[in-house]
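Shown next, in structure tokens, is the structure this report addresses.
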Amino acid sequence: MGSNPRFLTLAGVVLLLFAGAAITFLSRNAARPEVKPVQAPARPAGMIAGIFDPPHPAPDFSLPGSDGSEVTLARYRGKVVLLSFGFTYCAAVCPTTLATLAQVRSKLGKAAASVQVIFVTVDPARDDAAHMRDYLKAFDPGFIGATGTPDALAAVREKYGVTAVRRGEGPDYAMDHTSSIFLIDRAGKLRAMMPFGHDPADFAHDIRLLLAE
Amino acid sequence: MQPPSWILPLRRHPIAAALAAVLLAGLGWAALAPIELASHEAVFEIPRGTSARHMAGEKIDILPQTIRLTLGLNDILVFKNADTAPHIFGPTLIMPGQTFRLPFSQASTYSFQCTAHANGQLNIIVDPNPAPGWERLSWRFRKLMGGA
């Protein structure tokens, strides 16, 4: 059997290259299994929501509340406040958000006493205090609604960079509005913003971090 | 013992065979080796003086209409306001000197109301982490060609 030595050398080089590539691949994957490589990489201690760094005091406001009193952030100092903007005639986003936040409170157990949900209307023409109270009660009796004059509400939205635009004519109009939820810590600082679509476990995770501070 | 018939052309053209093998090995590595980037952050910054330029009537486009991210690779959006005035930047209002850091953990398309855009909307597409094989190969190819 007359083997060409040049061919054997080349074959050896090729084999080595393959072996090298295979070893690199296998060793790197052995250290980090490929089962769930896409899940949030090493962020267990961090917030799931988007965070503001450094945090600034959350802009305060004073608006007529669904419980008949004035709603201010100062009133809830010592609690984590979840601030959401929406309207009671909202077809999908607001009911989803409020149902999620209600689940968050039940998930938190005793700690729920240190969490306040404030739902600020973007549609004061239809959302008066009494109507908001009845609407919010169905989700969680602990939720508080805030309404007011269009100008006062617009001023609050501006401070948070929240948008609200009327869509459609007639009595069945809708409002396009910011759907994210703001997380305010016990010291009254605006710490984070959770985009729409997160599940209750994500909120509970971040709230526990804020309550533990 | 006779070598298999497919060996013969390789023996006749050893250099071509070696080049093909190197190419194959390279493709194998590109398709299988895990992708690792130094930073997971995609950073967008409002430079100092933006507000003044805006007041002067200049049209400033800092953010693209659509931002594309890849889960597990660059999946943290960072918006920095280096200006002296507050700005609605991306999904929220950011104070001067403040940074807003938004991590993503699910591949999806996200839409945010953003007044900085003509149609009032910022879209963020988060692609899934490229799987070993064709997806990783094409991701590396796009990266090589200057894409995301």
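Ordering of the structure tokens sets the chain letters (A, B, ...), residue numbers begin anew at 1 in every chain, and ligands are numbered from 1 in the order given.
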Can you list, as an mmCIF file with C-alpha atoms, in the first residue's frame, every protein, DNA or RNA residue that comes within 8 Å of region 124-130 of chain A when you count only C-alpha atoms, leaving out same-chain residues fewer than 3 positions away?
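Just written: selection_7.cif:
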```
data_model
loop_
_atom_site.group_PDB
_atom_site.id
_atom_site.type_symbol
_atom_site.label_atom_id
_atom_site.label_comp_id
_atom_site.auth_asym_id
_atom_site.auth_seq_id
_atom_site.Cartn_x
_atom_site.Cartn_y
_atom_site.Cartn_z
ATOM 1 C CA PRO A 64 -59.272 64.247 43.333
ATOM 2 C CA GLY A 65 -59.208 60.581 44.299
ATOM 3 C CA SER A 66 -61.757 57.835 43.769
ATOM 4 C CA ASP A 67 -62.043 57.551 47.571
ATOM 5 C CA GLY A 68 -63.178 61.185 47.871
ATOM 6 C CA PHE A 87 -59.101 55.066 31.332
ATOM 7 C CA THR A 88 -62.004 52.937 32.451
ATOM 8 C CA THR A 121 -57.223 58.668 34.197
ATOM 9 C CA ARG A 133 -64.186 53.778 42.355
ATOM 10 C CA ASP A 134 -66.761 51.313 41.012
ATOM 11 C CA GLY A 145 -58.082 56.246 41.063
ATOM 12 C CA ALA A 146 -57.170 59.855 40.357
ATOM 13 C CA THR A 147 -59.050 62.228 38.096
ATOM 14 C CA GLY A 148 -59.209 66.009 37.686
ATOM 15 C CA THR A 149 -59.485 68.748 35.120
ATOM 16 C CA PRO A 150 -58.044 68.045 31.672
#
```
*Name all residues at most 8 Å from His56 (chain A) (count only C-alpha atoms; drop same-chain ones fewer than 2 positions away) and give them as a list in words.*
Phe52, Pro54, Ala58, Lys189, Leu190 and Arg191 of chain A
Please produce a file of the residues just selected, as a PDB file, in the first residue's frame, where the atoms kept are N, CA and C atoms.
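Written file, selection_35.pdb:
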```pdb
ATOM      1  N   PHE A  52     -34.135  53.919  36.350  1.00  0.00           N
ATOM      2  CA  PHE A  52     -33.615  55.275  36.203  1.00  0.00           C
ATOM      3  C   PHE A  52     -32.384  55.413  37.091  1.00  0.00           C
ATOM      4  N   PRO A  54     -29.187  58.208  37.908  1.00  0.00           N
ATOM      5  CA  PRO A  54     -29.642  58.067  39.294  1.00  0.00           C
ATOM      6  C   PRO A  54     -31.135  58.354  39.402  1.00  0.00           C
ATOM      7  N   ALA A  58     -40.004  61.337  42.393  1.00  0.00           N
ATOM      8  CA  ALA A  58     -41.135  61.228  41.467  1.00  0.00           C
ATOM      9  C   ALA A  58     -41.942  62.520  41.547  1.00  0.00           C
ATOM     10  N   LYS A 189     -39.023  58.145  45.381  1.00  0.00           N
ATOM     11  CA  LYS A 189     -38.191  58.322  44.175  1.00  0.00           C
ATOM     12  C   LYS A 189     -38.704  57.453  43.032  1.00  0.00           C
ATOM     13  N   LEU A 190     -38.661  58.037  41.853  1.00  0.00           N
ATOM     14  CA  LEU A 190     -39.062  57.290  40.650  1.00  0.00           C
ATOM     15  C   LEU A 190     -37.910  56.369  40.282  1.00  0.00           C
ATOM     16  N   ARG A 191     -38.101  55.084  40.533  1.00  0.00           N
ATOM     17  CA  ARG A 191     -36.993  54.135  40.381  1.00  0.00           C
ATOM     18  C   ARG A 191     -36.999  53.386  39.056  1.00  0.00           C
TER      19      ARG A 191
END
```
*Residues at most 9 Å from Asn123 (chain B), counting only C-alpha atoms, excluding those fewer than 4 positions away in the same chain, as a list in words?*
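Final neighbour list, sorted by chain and number: Pro64, Gln65, Thr66, Ile67, Arg68, Thr109, Tyr110, Ser111, Phe112 and Gln113 of chain B.
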Go ahead and write the residues just picked, all heavy atoms, as a PDB file, in the first residue's frame.
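The result, written out as part.pdb:
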```pdb
ATOM      1  N   PRO B  64     -33.397  55.668  15.907  1.00  0.00           N
ATOM      2  CA  PRO B  64     -34.036  55.123  14.706  1.00  0.00           C
ATOM      3  C   PRO B  64     -35.496  54.772  15.010  1.00  0.00           C
ATOM      4  O   PRO B  64     -35.873  54.643  16.170  1.00  0.00           O
ATOM      5  CB  PRO B  64     -33.222  53.859  14.424  1.00  0.00           C
ATOM      6  CG  PRO B  64     -32.577  53.498  15.712  1.00  0.00           C
ATOM      7  CD  PRO B  64     -32.439  54.757  16.513  1.00  0.00           C
ATOM      8  N   GLN B  65     -36.290  54.650  13.976  1.00  0.00           N
ATOM      9  CA  GLN B  65     -37.702  54.290  14.153  1.00  0.00           C
ATOM     10  C   GLN B  65     -37.829  52.907  14.804  1.00  0.00           C
ATOM     11  O   GLN B  65     -38.690  52.667  15.627  1.00  0.00           O
ATOM     12  CB  GLN B  65     -38.386  54.268  12.784  1.00  0.00           C
ATOM     13  CG  GLN B  65     -39.864  53.966  12.837  1.00  0.00           C
ATOM     14  CD  GLN B  65     -40.666  55.169  13.237  1.00  0.00           C
ATOM     15  OE1 GLN B  65     -40.603  56.193  12.569  1.00  0.00           O
ATOM     16  NE2 GLN B  65     -41.371  55.074  14.332  1.00  0.00           N
ATOM     17  N   THR B  66     -36.922  52.026  14.396  1.00  0.00           N
ATOM     18  CA  THR B  66     -36.956  50.665  14.925  1.00  0.00           C
ATOM     19  C   THR B  66     -35.576  50.290  15.448  1.00  0.00           C
ATOM     20  O   THR B  66     -34.568  50.515  14.783  1.00  0.00           O
ATOM     21  CB  THR B  66     -37.357  49.674  13.812  1.00  0.00           C
ATOM     22  OG1 THR B  66     -38.650  50.049  13.340  1.00  0.00           O
ATOM     23  CG2 THR B  66     -37.407  48.251  14.331  1.00  0.00           C
ATOM     24  N   ILE B  67     -35.550  49.759  16.660  1.00  0.00           N
ATOM     25  CA  ILE B  67     -34.292  49.289  17.239  1.00  0.00           C
ATOM     26  C   ILE B  67     -34.368  47.771  17.275  1.00  0.00           C
ATOM     27  O   ILE B  67     -35.375  47.207  17.717  1.00  0.00           O
ATOM     28  CB  ILE B  67     -34.096  49.848  18.664  1.00  0.00           C
ATOM     29  CG1 ILE B  67     -34.032  51.383  18.619  1.00  0.00           C
ATOM     30  CG2 ILE B  67     -32.844  49.272  19.305  1.00  0.00           C
ATOM     31  CD1 ILE B  67     -33.986  52.032  19.985  1.00  0.00           C
ATOM     32  N   ARG B  68     -33.323  47.133  16.799  1.00  0.00           N
ATOM     33  CA  ARG B  68     -33.319  45.673  16.751  1.00  0.00           C
ATOM     34  C   ARG B  68     -32.304  45.118  17.751  1.00  0.00           C
ATOM     35  O   ARG B  68     -31.149  45.530  17.746  1.00  0.00           O
ATOM     36  CB  ARG B  68     -32.956  45.232  15.334  1.00  0.00           C
ATOM     37  CG  ARG B  68     -33.607  43.933  15.011  1.00  0.00           C
ATOM     38  CD  ARG B  68     -33.681  43.630  13.552  1.00  0.00           C
ATOM     39  NE  ARG B  68     -34.374  42.355  13.480  1.00  0.00           N
ATOM     40  CZ  ARG B  68     -35.395  42.112  12.692  1.00  0.00           C
ATOM     41  NH1 ARG B  68     -35.835  43.044  11.897  1.00  0.00           N
ATOM     42  NH2 ARG B  68     -35.980  40.938  12.701  1.00  0.00           N
ATOM     43  N   THR B 109     -41.892  41.872  19.746  1.00  0.00           N
ATOM     44  CA  THR B 109     -41.841  43.234  19.213  1.00  0.00           C
ATOM     45  C   THR B 109     -42.548  44.146  20.199  1.00  0.00           C
ATOM     46  O   THR B 109     -43.670  43.869  20.607  1.00  0.00           O
ATOM     47  CB  THR B 109     -42.528  43.303  17.841  1.00  0.00           C
ATOM     48  OG1 THR B 109     -41.839  42.421  16.962  1.00  0.00           O
ATOM     49  CG2 THR B 109     -42.486  44.699  17.276  1.00  0.00           C
ATOM     50  N   TYR B 110     -41.856  45.184  20.614  1.00  0.00           N
ATOM     51  CA  TYR B 110     -42.397  46.105  21.602  1.00  0.00           C
ATOM     52  C   TYR B 110     -42.622  47.466  20.945  1.00  0.00           C
ATOM     53  O   TYR B 110     -41.790  47.912  20.153  1.00  0.00           O
ATOM     54  CB  TYR B 110     -41.427  46.271  22.772  1.00  0.00           C
ATOM     55  CG  TYR B 110     -41.098  44.976  23.485  1.00  0.00           C
ATOM     56  CD1 TYR B 110     -40.135  44.099  22.978  1.00  0.00           C
ATOM     57  CD2 TYR B 110     -41.756  44.619  24.658  1.00  0.00           C
ATOM     58  CE1 TYR B 110     -39.840  42.901  23.629  1.00  0.00           C
ATOM     59  CE2 TYR B 110     -41.463  43.427  25.318  1.00  0.00           C
ATOM     60  CZ  TYR B 110     -40.505  42.583  24.791  1.00  0.00           C
ATOM     61  OH  TYR B 110     -40.215  41.405  25.433  1.00  0.00           O
ATOM     62  N   SER B 111     -43.730  48.090  21.282  1.00  0.00           N
ATOM     63  CA  SER B 111     -44.003  49.435  20.760  1.00  0.00           C
ATOM     64  C   SER B 111     -44.169  50.393  21.920  1.00  0.00           C
ATOM     65  O   SER B 111     -44.859  50.085  22.886  1.00  0.00           O
ATOM     66  CB  SER B 111     -45.282  49.426  19.934  1.00  0.00           C
ATOM     67  OG  SER B 111     -45.050  48.748  18.742  1.00  0.00           O
ATOM     68  N   PHE B 112     -43.508  51.528  21.815  1.00  0.00           N
ATOM     69  CA  PHE B 112     -43.642  52.543  22.845  1.00  0.00           C
ATOM     70  C   PHE B 112     -44.101  53.844  22.197  1.00  0.00           C
ATOM     71  O   PHE B 112     -43.672  54.167  21.087  1.00  0.00           O
ATOM     72  CB  PHE B 112     -42.304  52.792  23.549  1.00  0.00           C
ATOM     73  CG  PHE B 112     -41.833  51.628  24.366  1.00  0.00           C
ATOM     74  CD1 PHE B 112     -40.935  50.718  23.848  1.00  0.00           C
ATOM     75  CD2 PHE B 112     -42.303  51.436  25.650  1.00  0.00           C
ATOM     76  CE1 PHE B 112     -40.500  49.633  24.595  1.00  0.00           C
ATOM     77  CE2 PHE B 112     -41.881  50.361  26.414  1.00  0.00           C
ATOM     78  CZ  PHE B 112     -40.975  49.457  25.887  1.00  0.00           C
ATOM     79  N   GLN B 113     -44.962  54.560  22.923  1.00  0.00           N
ATOM     80  CA  GLN B 113     -45.339  55.893  22.467  1.00  0.00           C
ATOM     81  C   GLN B 113     -44.089  56.755  22.628  1.00  0.00           C
ATOM     82  O   GLN B 113     -43.494  56.779  23.684  1.00  0.00           O
ATOM     83  CB  GLN B 113     -46.458  56.473  23.346  1.00  0.00           C
ATOM     84  CG  GLN B 113     -47.661  55.574  23.508  1.00  0.00           C
ATOM     85  CD  GLN B 113     -48.671  55.765  22.403  1.00  0.00           C
ATOM     86  OE1 GLN B 113     -48.747  56.819  21.804  1.00  0.00           O
ATOM     87  NE2 GLN B 113     -49.438  54.733  22.129  1.00  0.00           N
TER      88      GLN B 113
END
```
*asked:* Please list as a list in words every residue within 10 Å of region 61-63 of chain B, counting only C-alpha atoms and excluding residues in the same chain fewer than 5 positions away.
replied: Phe44, Glu45, Ile46, Pro47, Thr50, Phe79, Phe89, Gly90, Ala116, His117 and Leu122 of chain B
Please produce an output containing N, CA and C atoms for each residue in the selection, written as a compact mmCIF listing (two decimals), in the first residue's frame.
```
# COMPACT_ATOMS: atom_id res chain seq x y z
N PHE B 44 -27.94 54.52 23.44
CA PHE B 44 -28.32 55.71 22.66
C PHE B 44 -28.19 56.91 23.58
N GLU B 45 -27.57 57.97 23.09
CA GLU B 45 -27.33 59.12 23.95
C GLU B 45 -27.81 60.41 23.31
N ILE B 46 -28.44 61.23 24.14
CA ILE B 46 -28.78 62.59 23.69
C ILE B 46 -27.59 63.47 24.04
N PRO B 47 -26.87 63.99 23.04
CA PRO B 47 -25.68 64.79 23.39
C PRO B 47 -26.04 66.15 23.99
N THR B 50 -28.43 69.41 22.67
CA THR B 50 -29.51 68.99 21.79
C THR B 50 -30.72 69.91 21.93
N PHE B 79 -30.62 54.35 27.45
CA PHE B 79 -30.85 55.70 26.94
C PHE B 79 -30.20 56.68 27.91
N PHE B 89 -37.20 60.43 25.63
CA PHE B 89 -36.23 59.72 24.81
C PHE B 89 -36.55 58.24 24.87
N GLY B 90 -36.89 57.68 23.75
CA GLY B 90 -37.28 56.27 23.75
C GLY B 90 -38.59 56.12 24.50
N ALA B 116 -40.79 61.72 20.10
CA ALA B 116 -39.62 62.10 19.31
C ALA B 116 -39.74 61.60 17.87
N HIS B 117 -40.67 60.69 17.63
CA HIS B 117 -40.83 60.16 16.28
C HIS B 117 -42.04 60.75 15.58
N LEU B 122 -42.12 54.20 18.81
CA LEU B 122 -40.80 53.59 18.71
C LEU B 122 -40.99 52.07 18.78
```
*helix (DSSP H, G or I) per DSSP on the backbone: members of chain B, as a PyMOL selection string*: chain B and resi 7-12+14-32+50-55+134-144
For a quick test of understanding: name the residues of chain B lying within 8 Å of chain A when counting only C-alpha atoms, and present them as an mmCIF file with N, CA and C atoms, in the first residue's frame.
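So iface13.cif came out as:
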```
data_model
loop_
_atom_site.group_PDB
_atom_site.id
_atom_site.type_symbol
_atom_site.label_atom_id
_atom_site.label_comp_id
_atom_site.auth_asym_id
_atom_site.auth_seq_id
_atom_site.Cartn_x
_atom_site.Cartn_y
_atom_site.Cartn_z
ATOM 1 N N MET B 1 -5.037 -3.266 0.386
ATOM 2 C CA MET B 1 -6.330 -2.616 0.616
ATOM 3 C C MET B 1 -6.409 -1.318 -0.183
ATOM 4 N N GLN B 2 -7.462 -1.167 -0.972
ATOM 5 C CA GLN B 2 -7.623 0.051 -1.765
ATOM 6 C C GLN B 2 -8.329 1.139 -0.933
ATOM 7 N N ARG B 11 -6.498 13.151 -3.018
ATOM 8 C CA ARG B 11 -5.070 12.862 -3.096
ATOM 9 C C ARG B 11 -4.451 13.562 -4.291
ATOM 10 N N PRO B 14 -4.218 17.932 -3.243
ATOM 11 C CA PRO B 14 -4.130 18.071 -1.778
ATOM 12 C C PRO B 14 -4.328 19.503 -1.291
ATOM 13 N N ALA B 18 -7.097 20.699 1.297
ATOM 14 C CA ALA B 18 -6.780 21.335 2.574
ATOM 15 C C ALA B 18 -7.572 22.632 2.736
ATOM 16 N N ALA B 21 -11.037 21.902 3.558
ATOM 17 C CA ALA B 21 -11.158 21.446 4.942
ATOM 18 C C ALA B 21 -11.118 22.626 5.906
ATOM 19 N N VAL B 22 -10.202 23.567 5.639
ATOM 20 C CA VAL B 22 -10.108 24.759 6.500
ATOM 21 C C VAL B 22 -11.425 25.528 6.453
ATOM 22 N N ALA B 25 -13.969 23.687 8.415
ATOM 23 C CA ALA B 25 -13.737 23.830 9.846
ATOM 24 C C ALA B 25 -14.204 25.211 10.312
ATOM 25 N N GLY B 28 -17.898 25.294 10.397
ATOM 26 C CA GLY B 28 -18.339 24.500 11.547
ATOM 27 C C GLY B 28 -18.240 25.314 12.827
ATOM 28 N N TRP B 29 -17.117 26.013 12.980
ATOM 29 C CA TRP B 29 -16.941 26.853 14.175
ATOM 30 C C TRP B 29 -18.005 27.957 14.205
ATOM 31 N N LEU B 32 -21.396 26.595 15.172
ATOM 32 C CA LEU B 32 -21.599 25.914 16.456
ATOM 33 C C LEU B 32 -21.109 26.687 17.671
ATOM 34 N N ALA B 33 -20.021 27.403 17.548
ATOM 35 C CA ALA B 33 -19.443 28.054 18.729
ATOM 36 C C ALA B 33 -20.409 29.095 19.278
ATOM 37 N N PRO B 34 -20.544 29.153 20.626
ATOM 38 C CA PRO B 34 -21.449 30.137 21.215
ATOM 39 C C PRO B 34 -20.999 31.564 20.897
ATOM 40 N N LEU B 71 -31.734 38.638 21.897
ATOM 41 C CA LEU B 71 -31.771 38.131 23.259
ATOM 42 C C LEU B 71 -30.470 37.400 23.597
ATOM 43 N N GLY B 72 -29.933 37.684 24.772
ATOM 44 C CA GLY B 72 -28.727 37.002 25.217
ATOM 45 C C GLY B 72 -27.455 37.606 24.653
ATOM 46 N N ILE B 88 -37.955 63.497 26.397
ATOM 47 C CA ILE B 88 -38.654 62.237 26.193
ATOM 48 C C ILE B 88 -37.819 61.499 25.165
ATOM 49 N N THR B 92 -39.470 56.761 27.577
ATOM 50 C CA THR B 92 -39.822 57.534 28.772
ATOM 51 C C THR B 92 -39.132 58.898 28.821
ATOM 52 N N LEU B 93 -39.482 59.641 29.856
ATOM 53 C CA LEU B 93 -38.882 60.965 30.097
ATOM 54 C C LEU B 93 -37.612 60.769 30.916
ATOM 55 N N ILE B 94 -36.519 61.314 30.439
ATOM 56 C CA ILE B 94 -35.245 61.128 31.133
ATOM 57 C C ILE B 94 -34.673 62.488 31.506
ATOM 58 N N GLN B 98 -29.297 61.749 33.501
ATOM 59 C CA GLN B 98 -29.870 60.464 33.929
ATOM 60 C C GLN B 98 -29.780 59.426 32.813
ATOM 61 N N THR B 99 -29.713 58.183 33.237
ATOM 62 C CA THR B 99 -29.687 57.054 32.305
ATOM 63 C C THR B 99 -30.892 56.165 32.577
ATOM 64 N N PHE B 100 -31.515 55.698 31.519
ATOM 65 C CA PHE B 100 -32.607 54.734 31.669
ATOM 66 C C PHE B 100 -32.160 53.435 31.024
ATOM 67 N N ARG B 101 -32.158 52.370 31.846
ATOM 68 C CA ARG B 101 -31.606 51.083 31.379
ATOM 69 C C ARG B 101 -32.731 50.053 31.373
ATOM 70 N N LEU B 102 -33.056 49.564 30.187
ATOM 71 C CA LEU B 102 -34.215 48.670 30.041
ATOM 72 C C LEU B 102 -33.782 47.299 29.514
ATOM 73 N N PRO B 103 -33.824 46.276 30.387
ATOM 74 C CA PRO B 103 -33.440 44.936 29.930
ATOM 75 C C PRO B 103 -34.613 44.191 29.294
ATOM 76 N N PHE B 104 -34.335 43.338 28.344
ATOM 77 C CA PHE B 104 -35.380 42.507 27.726
ATOM 78 C C PHE B 104 -35.064 41.039 27.978
ATOM 79 N N SER B 105 -36.074 40.268 28.317
ATOM 80 C CA SER B 105 -35.839 38.846 28.555
ATOM 81 C C SER B 105 -36.757 37.965 27.718
ATOM 82 N N GLN B 106 -37.548 38.609 26.838
ATOM 83 C CA GLN B 106 -38.409 37.825 25.954
ATOM 84 C C GLN B 106 -38.313 38.353 24.541
ATOM 85 N N PHE B 112 -43.508 51.528 21.815
ATOM 86 C CA PHE B 112 -43.642 52.543 22.845
ATOM 87 C C PHE B 112 -44.101 53.844 22.197
ATOM 88 N N GLN B 113 -44.962 54.560 22.923
ATOM 89 C CA GLN B 113 -45.339 55.893 22.467
ATOM 90 C C GLN B 113 -44.089 56.755 22.628
ATOM 91 N N THR B 115 -42.821 60.633 21.467
ATOM 92 C CA THR B 115 -43.123 61.857 20.736
ATOM 93 C C THR B 115 -41.950 62.319 19.871
ATOM 94 N N PRO B 128 -34.873 36.291 18.941
ATOM 95 C CA PRO B 128 -34.378 35.228 19.823
ATOM 96 C C PRO B 128 -32.889 35.002 19.630
ATOM 97 N N ASN B 129 -32.270 34.436 20.635
ATOM 98 C CA ASN B 129 -30.850 34.116 20.554
ATOM 99 C C ASN B 129 -30.627 33.129 19.408
#
```
_At a cut-off of 12 Å, using only C-alpha atoms, what residues contact Gly49 (chain B)? Leave out same-chain residues fewer than 2 positions from it and give the result as an NGL selection string._
:B and (45-47 or 51-56 or 58 or 60 or 81-87 or 96)
*Distance CA of Ala17 (chain B)-CA of Ala31 (chain B), one decimal place?*
20.7 Å
*Separation of CA of Ala102 (chain A) and CA of Glu213 (chain A), in Å?*
22.9 Å
*asked:* Can you tell me, as a PyMOL selection string, which residues in chain B count as strand (DSSP E or B) by DSSP?
replied: chain B and resi 41-46+66-70+74+76-81+87-89+92-94+99-103+108-113+121-127
*Quick one: of B:Leu73, B:Ile35, B:Glu41, B:Met95, who's nearest to Gly133 (chain B), counting only C-alpha atoms?*
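Going through B:Leu73, B:Ile35, B:Glu41, B:Met95 one by one, the smallest distance to Gly133 (chain B) is for B:Ile35.
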*asked:* One number please: CA of Ala212 (chain A) to CA of Phe143 (chain A), in Å, one decimal.
replied: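 Here the two named atoms are 22.2 Å from each other.
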_Show me, as a VMD selection string, the residues that have an atom within 12 Å of Ser138 (chain B) when counting only C-alpha atoms, minus same-chain residues fewer than 3 positions from it._
chain B and resid 27 30 to 32 35 130 to 135 141 to 145 147 to 148
